[in-house]
Each structure stands twice: as C-alpha cells, then as structure tokens.
$ cat my_file29.cif   # mmCIF, C-alpha atoms
data_coords
loop_
_atom_site.group_PDB
_atom_site.id
_atom_site.type_symbol
_atom_site.label_atom_id
_atom_site.label_comp_id
_atom_site.auth_asym_id
_atom_site.auth_seq_id
_atom_site.Cartn_x
_atom_site.Cartn_y
_atom_site.Cartn_z
ATOM 1 C CA MET J 878 71.006 70.728 102.934
ATOM 2 C CA LEU J 879 67.267 70.830 102.403
ATOM 3 C CA LYS J 880 65.767 74.285 102.755
ATOM 4 C CA ALA J 881 62.268 75.443 103.586
ATOM 5 C CA ARG J 882 60.661 77.047 100.541
ATOM 6 C CA ILE J 883 59.376 80.530 101.351
ATOM 7 C CA ALA J 884 56.695 82.576 99.599
ATOM 8 C CA VAL J 885 56.612 86.295 100.381
ATOM 9 C CA PHE J 886 53.241 88.049 99.982
ATOM 10 C CA VAL J 887 53.458 91.758 99.084
ATOM 11 C CA SER J 888 51.179 94.658 98.160
ATOM 12 C CA GLY J 889 53.524 97.602 97.589
ATOM 13 C CA GLY J 890 57.119 98.762 97.528
ATOM 14 C CA GLY J 891 58.571 95.635 99.089
ATOM 15 C CA THR J 892 61.077 97.076 101.571
ATOM 16 C CA ASN J 893 60.557 94.112 103.911
ATOM 17 C CA LEU J 894 60.919 91.764 100.954
ATOM 18 C CA GLN J 895 64.234 93.480 100.203
ATOM 19 C CA ALA J 896 65.353 92.932 103.799
ATOM 20 C CA LEU J 897 64.633 89.213 103.359
ATOM 21 C CA LEU J 898 66.412 89.028 99.998
ATOM 22 C CA ASP J 899 69.435 90.849 101.456
ATOM 23 C CA ALA J 900 69.494 88.533 104.470
ATOM 24 C CA GLU J 901 69.381 85.459 102.219
ATOM 25 C CA LYS J 902 72.227 86.843 100.111
ATOM 26 C CA ALA J 903 74.269 87.550 103.256
ATOM 27 C CA GLY J 904 73.837 83.965 104.475
ATOM 28 C CA LYS J 905 71.475 84.917 107.318
ATOM 29 C CA LEU J 906 68.698 82.638 106.070
ATOM 30 C CA PRO J 907 70.558 79.314 105.887
ATOM 31 C CA SER J 908 67.459 77.186 106.534
ATOM 32 C CA GLY J 909 65.194 78.860 103.991
ATOM 33 C CA GLU J 910 65.080 80.008 100.387
ATOM 34 C CA ILE J 911 62.810 82.673 98.950
ATOM 35 C CA ALA J 912 61.172 80.694 96.164
ATOM 36 C CA LEU J 913 58.187 82.871 95.277
ATOM 37 C CA VAL J 914 56.857 86.429 95.602
ATOM 38 C CA VAL J 915 53.091 86.923 95.303
ATOM 39 C CA SER J 916 51.375 90.293 94.918
ATOM 40 C CA ASN J 917 47.666 91.062 95.012
ATOM 41 C CA LYS J 918 48.298 94.013 92.664
ATOM 42 C CA ALA J 919 50.128 94.330 89.355
ATOM 43 C CA GLY J 920 52.815 96.962 88.824
ATOM 44 C CA VAL J 921 54.053 97.262 92.410
ATOM 45 C CA TYR J 922 57.755 97.868 92.986
ATOM 46 C CA ALA J 923 58.109 94.705 95.075
ATOM 47 C CA LEU J 924 57.745 92.685 91.854
ATOM 48 C CA GLU J 925 60.749 94.522 90.392
ATOM 49 C CA ARG J 926 62.750 93.652 93.504
ATOM 50 C CA ALA J 927 61.840 89.974 93.022
ATOM 51 C CA SER J 928 62.838 90.118 89.371
ATOM 52 C CA ALA J 929 66.179 91.795 90.182
ATOM 53 C CA ALA J 930 66.918 88.995 92.675
ATOM 54 C CA GLY J 931 65.953 86.291 90.185
ATOM 55 C CA VAL J 932 62.973 85.155 92.261
ATOM 56 C CA GLU J 933 59.828 83.930 90.526
ATOM 57 C CA SER J 934 56.786 86.133 91.083
ATOM 58 C CA ALA J 935 53.049 86.021 90.433
ATOM 59 C CA VAL J 936 50.160 88.484 90.539
ATOM 60 C CA ILE J 937 46.777 87.277 91.774
ATOM 61 C CA PRO J 938 44.454 90.303 91.668
ATOM 62 C CA LYS J 939 42.123 89.978 94.658
ATOM 63 C CA LYS J 940 40.014 93.000 93.707
ATOM 64 C CA GLU J 941 39.037 91.494 90.362
ATOM 65 C CA LEU J 942 38.697 87.907 91.564
ATOM 66 C CA GLY J 943 36.964 88.278 94.921
ATOM 67 C CA GLN J 944 38.096 86.574 98.137
ATOM 68 C CA ALA J 945 37.108 82.961 97.372
ATOM 69 C CA GLU J 946 38.643 82.751 93.895
ATOM 70 C CA PHE J 947 41.690 84.748 95.027
ATOM 71 C CA GLU J 948 42.417 82.241 97.803
ATOM 72 C CA LYS J 949 41.664 79.266 95.563
ATOM 73 C CA GLN J 950 44.303 80.467 93.086
ATOM 74 C CA LEU J 951 46.718 81.219 95.948
ATOM 75 C CA VAL J 952 46.418 77.700 97.373
ATOM 76 C CA ALA J 953 46.892 76.140 93.925
ATOM 77 C CA LEU J 954 50.034 78.213 93.340
ATOM 78 C CA LEU J 955 51.492 77.478 96.794
ATOM 79 C CA GLU J 956 50.946 73.752 96.286
ATOM 80 C CA GLU J 957 52.414 73.814 92.785
ATOM 81 C CA LYS J 958 55.550 75.567 94.056
ATOM 82 C CA GLN J 959 55.742 73.333 97.162
ATOM 83 C CA ILE J 960 55.834 76.282 99.549
ATOM 84 C CA ASP J 961 56.541 75.543 103.220
ATOM 85 C CA LEU J 962 56.342 79.006 104.772
ATOM 86 C CA ILE J 963 54.378 82.156 103.929
ATOM 87 C CA VAL J 964 55.769 85.535 104.979
ATOM 88 C CA LEU J 965 53.386 88.492 104.901
ATOM 89 C CA ALA J 966 55.568 91.524 104.164
ATOM 90 C CA GLY J 967 53.389 94.593 103.821
ATOM 91 C CA PHE J 968 50.576 92.440 102.471
ATOM 92 C CA LEU J 969 47.379 94.457 102.784
ATOM 93 C CA CYS J 970 44.795 91.711 102.243
ATOM 94 C CA ILE J 971 43.036 89.958 105.078
ATOM 95 C CA LEU J 972 43.169 86.185 104.600
ATOM 96 C CA SER J 973 40.106 84.124 105.493
ATOM 97 C CA GLN J 974 39.956 81.803 108.503
ATOM 98 C CA GLU J 975 39.758 78.842 106.110
ATOM 99 C CA PHE J 976 42.988 79.880 104.396
ATOM 100 C CA VAL J 977 44.838 80.522 107.659
ATOM 101 C CA LYS J 978 43.732 77.173 109.116
ATOM 102 C CA ARG J 979 45.286 75.376 106.138
ATOM 103 C CA TYR J 980 48.720 76.614 107.219
ATOM 104 C CA PRO J 981 49.017 76.393 111.024
ATOM 105 C CA ARG J 982 52.310 77.921 112.237
ATOM 106 C CA ARG J 983 53.292 78.343 108.601
ATOM 107 C CA ILE J 984 52.308 82.011 108.078
ATOM 108 C CA ILE J 985 54.201 84.865 109.738
ATOM 109 C CA ASN J 986 53.479 88.579 109.645
ATOM 110 C CA ILE J 987 55.382 91.725 110.580
ATOM 111 C CA HIS J 988 53.368 94.383 112.406
ATOM 112 C CA PRO J 989 54.755 97.896 113.021
ATOM 113 C CA SER J 990 54.000 98.156 116.749
ATOM 114 C CA LEU J 991 54.653 96.285 119.973
ATOM 115 C CA ILE J 992 51.599 94.013 120.042
ATOM 116 C CA PRO J 993 49.161 94.232 121.865
ATOM 117 C CA ALA J 994 49.474 97.993 121.349
ATOM 118 C CA PHE J 995 48.038 99.556 118.170
ATOM 119 C CA CYS J 996 47.005 96.327 116.474
ATOM 120 C CA GLY J 997 43.928 94.496 115.256
ATOM 121 C CA ASP J 998 41.399 95.352 112.567
ATOM 122 C CA GLY J 999 42.140 98.587 110.744
ATOM 123 C CA TYR J 1000 45.611 99.021 112.222
ATOM 124 C CA TYR J 1001 48.075 98.856 109.350
ATOM 125 C CA GLY J 1002 50.489 101.106 107.489
ATOM 126 C CA LEU J 1003 50.776 104.718 108.558
ATOM 127 C CA ARG J 1004 47.733 104.578 110.828
ATOM 128 C CA VAL J 1005 49.660 102.509 113.411
ATOM 129 C CA HIS J 1006 52.294 105.250 113.726
ATOM 130 C CA GLU J 1007 49.742 108.068 113.714
ATOM 131 C CA GLU J 1008 47.908 106.448 116.625
ATOM 132 C CA ALA J 1009 51.145 105.887 118.554
ATOM 133 C CA LEU J 1010 52.035 109.578 118.180
ATOM 134 C CA LYS J 1011 48.493 110.642 119.084
ATOM 135 C CA LYS J 1012 48.682 108.594 122.287
ATOM 136 C CA GLY J 1013 52.041 110.136 123.122
ATOM 137 C CA VAL J 1014 53.813 106.839 123.781
ATOM 138 C CA LYS J 1015 57.592 107.121 124.151
ATOM 139 C CA VAL J 1016 58.437 103.671 122.807
ATOM 140 C CA THR J 1017 57.060 101.787 119.826
ATOM 141 C CA GLY J 1018 58.595 99.016 117.722
ATOM 142 C CA ALA J 1019 57.714 96.009 115.606
ATOM 143 C CA THR J 1020 56.433 92.485 116.176
ATOM 144 C CA VAL J 1021 56.707 89.318 114.105
ATOM 145 C CA HIS J 1022 53.961 86.834 114.916
ATOM 146 C CA PHE J 1023 52.331 83.707 113.596
ATOM 147 C CA VAL J 1024 49.085 84.407 111.752
ATOM 148 C CA ASN J 1025 45.898 82.854 113.076
ATOM 149 C CA GLU J 1026 42.220 83.680 112.560
ATOM 150 C CA ILE J 1027 42.417 86.764 114.824
ATOM 151 C CA THR J 1028 43.939 89.865 113.214
ATOM 152 C CA ASP J 1029 47.409 90.351 114.784
ATOM 153 C CA GLY J 1030 46.406 87.709 117.345
ATOM 154 C CA GLY J 1031 48.855 84.873 116.715
ATOM 155 C CA GLU J 1032 51.765 83.791 118.899
ATOM 156 C CA ILE J 1033 54.590 86.346 119.030
ATOM 157 C CA LEU J 1034 57.981 85.256 117.674
ATOM 158 C CA PHE J 1035 60.084 88.406 118.077
ATOM 159 C CA GLN J 1036 59.649 92.005 119.203
ATOM 160 C CA LYS J 1037 62.005 94.956 119.139
ATOM 161 C CA ALA J 1038 61.446 98.317 120.782
ATOM 162 C CA VAL J 1039 62.205 101.650 119.109
ATOM 163 C CA GLU J 1040 62.343 104.909 121.042
ATOM 164 C CA ILE J 1041 60.219 107.708 119.585
ATOM 165 C CA PRO J 1042 62.202 110.943 119.130
ATOM 166 C CA ASP J 1043 60.506 114.215 120.086
ATOM 167 C CA GLY J 1044 58.808 116.067 117.258
ATOM 168 C CA ILE J 1045 58.870 113.209 114.750
ATOM 169 C CA ASP J 1046 55.975 112.780 112.297
ATOM 170 C CA ALA J 1047 54.263 109.529 111.286
ATOM 171 C CA PRO J 1048 56.077 108.947 107.939
ATOM 172 C CA ALA J 1049 59.487 109.499 109.599
ATOM 173 C CA LEU J 1050 58.512 107.197 112.478
ATOM 174 C CA GLN J 1051 57.396 104.537 109.981
ATOM 175 C CA LYS J 1052 60.838 104.676 108.345
ATOM 176 C CA LEU J 1053 62.612 104.554 111.726
ATOM 177 C CA VAL J 1054 60.656 101.472 112.848
ATOM 178 C CA MET J 1055 61.449 99.737 109.559
ATOM 179 C CA GLU J 1056 65.167 100.464 109.801
ATOM 180 C CA GLN J 1057 65.596 99.735 113.515
ATOM 181 C CA ALA J 1058 63.177 96.831 113.950
ATOM 182 C CA GLU J 1059 61.255 95.392 110.980
ATOM 183 C CA TRP J 1060 64.204 94.754 108.651
ATOM 184 C CA LEU J 1061 66.080 92.961 111.461
ATOM 185 C CA LEU J 1062 63.220 90.918 112.897
ATOM 186 C CA LEU J 1063 61.636 89.548 109.748
ATOM 187 C CA PRO J 1064 64.719 87.654 108.480
ATOM 188 C CA MET J 1065 65.348 86.343 112.029
ATOM 189 C CA ALA J 1066 61.800 85.027 112.248
ATOM 190 C CA ALA J 1067 61.888 83.540 108.740
ATOM 191 C CA GLU J 1068 65.080 81.678 109.649
ATOM 192 C CA LYS J 1069 63.702 80.473 112.984
ATOM 193 C CA VAL J 1070 60.507 79.045 111.456
ATOM 194 C CA SER J 1071 62.361 77.609 108.433
ATOM 195 C CA ARG J 1072 64.747 75.805 110.767
ATOM 196 C CA GLN J 1073 61.791 74.414 112.733
ATOM 197 C CA ILE J 1074 60.136 73.180 109.506
ATOM 198 C CA ILE J 1075 63.316 71.324 108.518
ATOM 199 C CA GLU J 1076 63.700 69.826 112.020
ATOM 200 C CA ASP J 1077 60.093 68.647 111.985
ATOM 201 C CA ARG J 1078 60.775 66.786 108.725
ATOM 202 C CA SER J 1079 63.835 64.943 109.931
#

$ encode --input "my_file29.cif" --output "structure tokens"
Amino acid sequence: MLKARIAVFVSGGGTNLQALLDAEKAGKLPSGEIALVVSNKAGVYALERASAAGVESAVIPKKELGQAEFEKQLVALLEEKQIDLIVLAGFLCILSQEFVKRYPRRIINIHPSLIPAFCGDGYYGLRVHEEALKKGVKVTGATVHFVNEITDGGEILFQKAVEIPDGIDAPALQKLVMEQAEWLLLPMAAEKVSRQIIEDRS
C-alpha cells in the first residue's frame, strides 16, 4: 500500500518525534511513513532519535541562513524527498505565510494547551504551562491543529484534556501533558491526515 511520506520538524529533544516513531513501529501509523527529520539546529537529541530509528535527517540552520534562505532550502529538500505531510513536533521556528500557503492542510502542529486558551504569538514551551498555573485553571491539555498563517489558528484536529493536580509546577505539568495528551494525539493526527492524503490520490 502507498503511504504518505512524513517529514517531522524538530528543534530540541524530540520526545514528540519519539512518540511518532514508536507509533509507526507499533503499527499505529499504517497510512504514513516517517521519511525525514529536519532540525533548525545542529546537535539536538532529536537527530540522535532519528538516527537510532534509521530515519534520514537534515539540519538547516535558520539562525545562520535567515528566514528566506532557510525556507528556500526547506522547500527544496521537501520536494527532493517527495514529502506529503509536515509534522511540527516541538519546532520553535515560525514559518512564513508564503511557506504555509504552499502546503494547505499538509502541516500539523501540536500545541500544549486546549486552544483557544494559552496560544498565539509567544506561547510555546514552558510559558504555556506557567500561564495556565498563573491563571489557576483546573484543566489543561493539548491540541493538534492544521497550520495556517495565524499562529495556532488553524483548524483543530484533536484535543485531549488533562486535569491539573494541586501544587504541581510548570516543568512537571509540561511532562504530564506530554504523557497524557501530546504523545497520544500526535500519532493519531498524523495517521488521520496521512489517510486523507492517500484517499485524495485514489
């Protein structure tokens, strides 16, 4: 069976990448294959995870290249590798409107809150959890959504709620949301969109 070719964009440790690799290995990603891992920084642990799984990886250093050249090289690589779906998994670069418009309903992102809460420009990483705790909300979670030109503004694919235990700090909450929501939702969403891509072809 034909599979959708997936590129995973990373910037750090790659725990969400690992969740995708594990799901693929366990047969939970039957419509897709992780064909490429791209990092905007050299030396991140996510690249070691890719290597251990036998997945090709590339580093395109945005800081050194600047936005326009960075995206030009990204597009060239994605076309060369015939990528169908882009998964942003802890990818800390904002992509331009021009880039996003090239791939309508072909880029998905995981965000560590229940959108529309604690999202938008500047809300990423630990800050999302710090703000949730500051507000005193009792429930948080994660959201997988399509990426469009508005930060965290694309159509929602999946959400999962996570109850916030009393007295927890932001790093512990971050870990809890990953374990209870992000690592489950991202493979589900990757499979759903991959299946849709294959159906659209046939």

$ closest_residue --input "my_file29.cif" --among "J:Gln974, J:Gly1044, J:Leu969, J:His1022" --to "Tyr1000 in chain J" --atoms "only C-alpha atoms"
J:Leu969

$ closest_atom_pairs --input "my_file29.cif" --of "range 982-1068 of chain J" --to "range 958-963 of chain J" --cutoff "8 Å" --atoms "only C-alpha atoms" --output "CSV"
residue,atom,partner,partner_atom,distance
J:Arg983,CA,J:Leu962,CA,4.9
J:Ile984,CA,J:Ile963,CA,4.6
J:Ile985,CA,J:Ile963,CA,6.4

$ resolve_selection --input "my_file29.cif" --expression "the PyMOL selection byres ((chain J and resi 1078) around 12)" --output "ChimeraX atom specification"
/J:879-881,961,1071-1077,1079

$ atom_distance --input "my_file29.cif" --atom1 "CA of Gln895 in chain J" --atom2 "CA of Lys1069 in chain J"
18.2 Å

$ resolve_selection --input "my_file29.cif" --expression "the PyMOL selection byres ((chain J and resi 964) around 12)" --output "VMD selection string"
chain J and resid 882 to 887 893 to 894 897 909 to 916 960 to 963 965 to 968 980 982 to 988 1021 to 1024 1063 to 1068 1070 to 1071

$ residues_around --input "my_file29.cif" --residues "range 1026-1043 of chain J" --least-positions-apart "5" --cutoff "9 Å" --atoms "only C-alpha atoms" --output "VMD selection string"
chain J and resid 971 to 975 977 to 978 982 985 to 986 988 990 to 993 996 to 998 1010 1014 to 1021 1050 1053 to 1054 1057 to 1059 1061 to 1063 1065 to 1066 1069

$ atom_distance --input "my_file29.cif" --atom1 "CA of Cys970 in chain J" --atom2 "CA of Val936 in chain J"
13.3 Å

$ atom_distance --input "my_file29.cif" --atom1 "CA of Leu942 in chain J" --atom2 "CA of Asn917 in chain J"
10.1 Å

$ resolve_selection --input "my_file29.cif" --expression "the PyMOL selection byres ((chain J and resi 951) around 10)" --output "ChimeraX atom specification"
/J:915,917,935-937,939,945-950,952-957,976

$ residues_near_point --input "my_file29.cif" --point "(51.9, 109.4, 108.7)" --cutoff "12 Å" --atoms "only C-alpha atoms" --output "number ranges by chain"
J: 1001-1011, 1045-1052
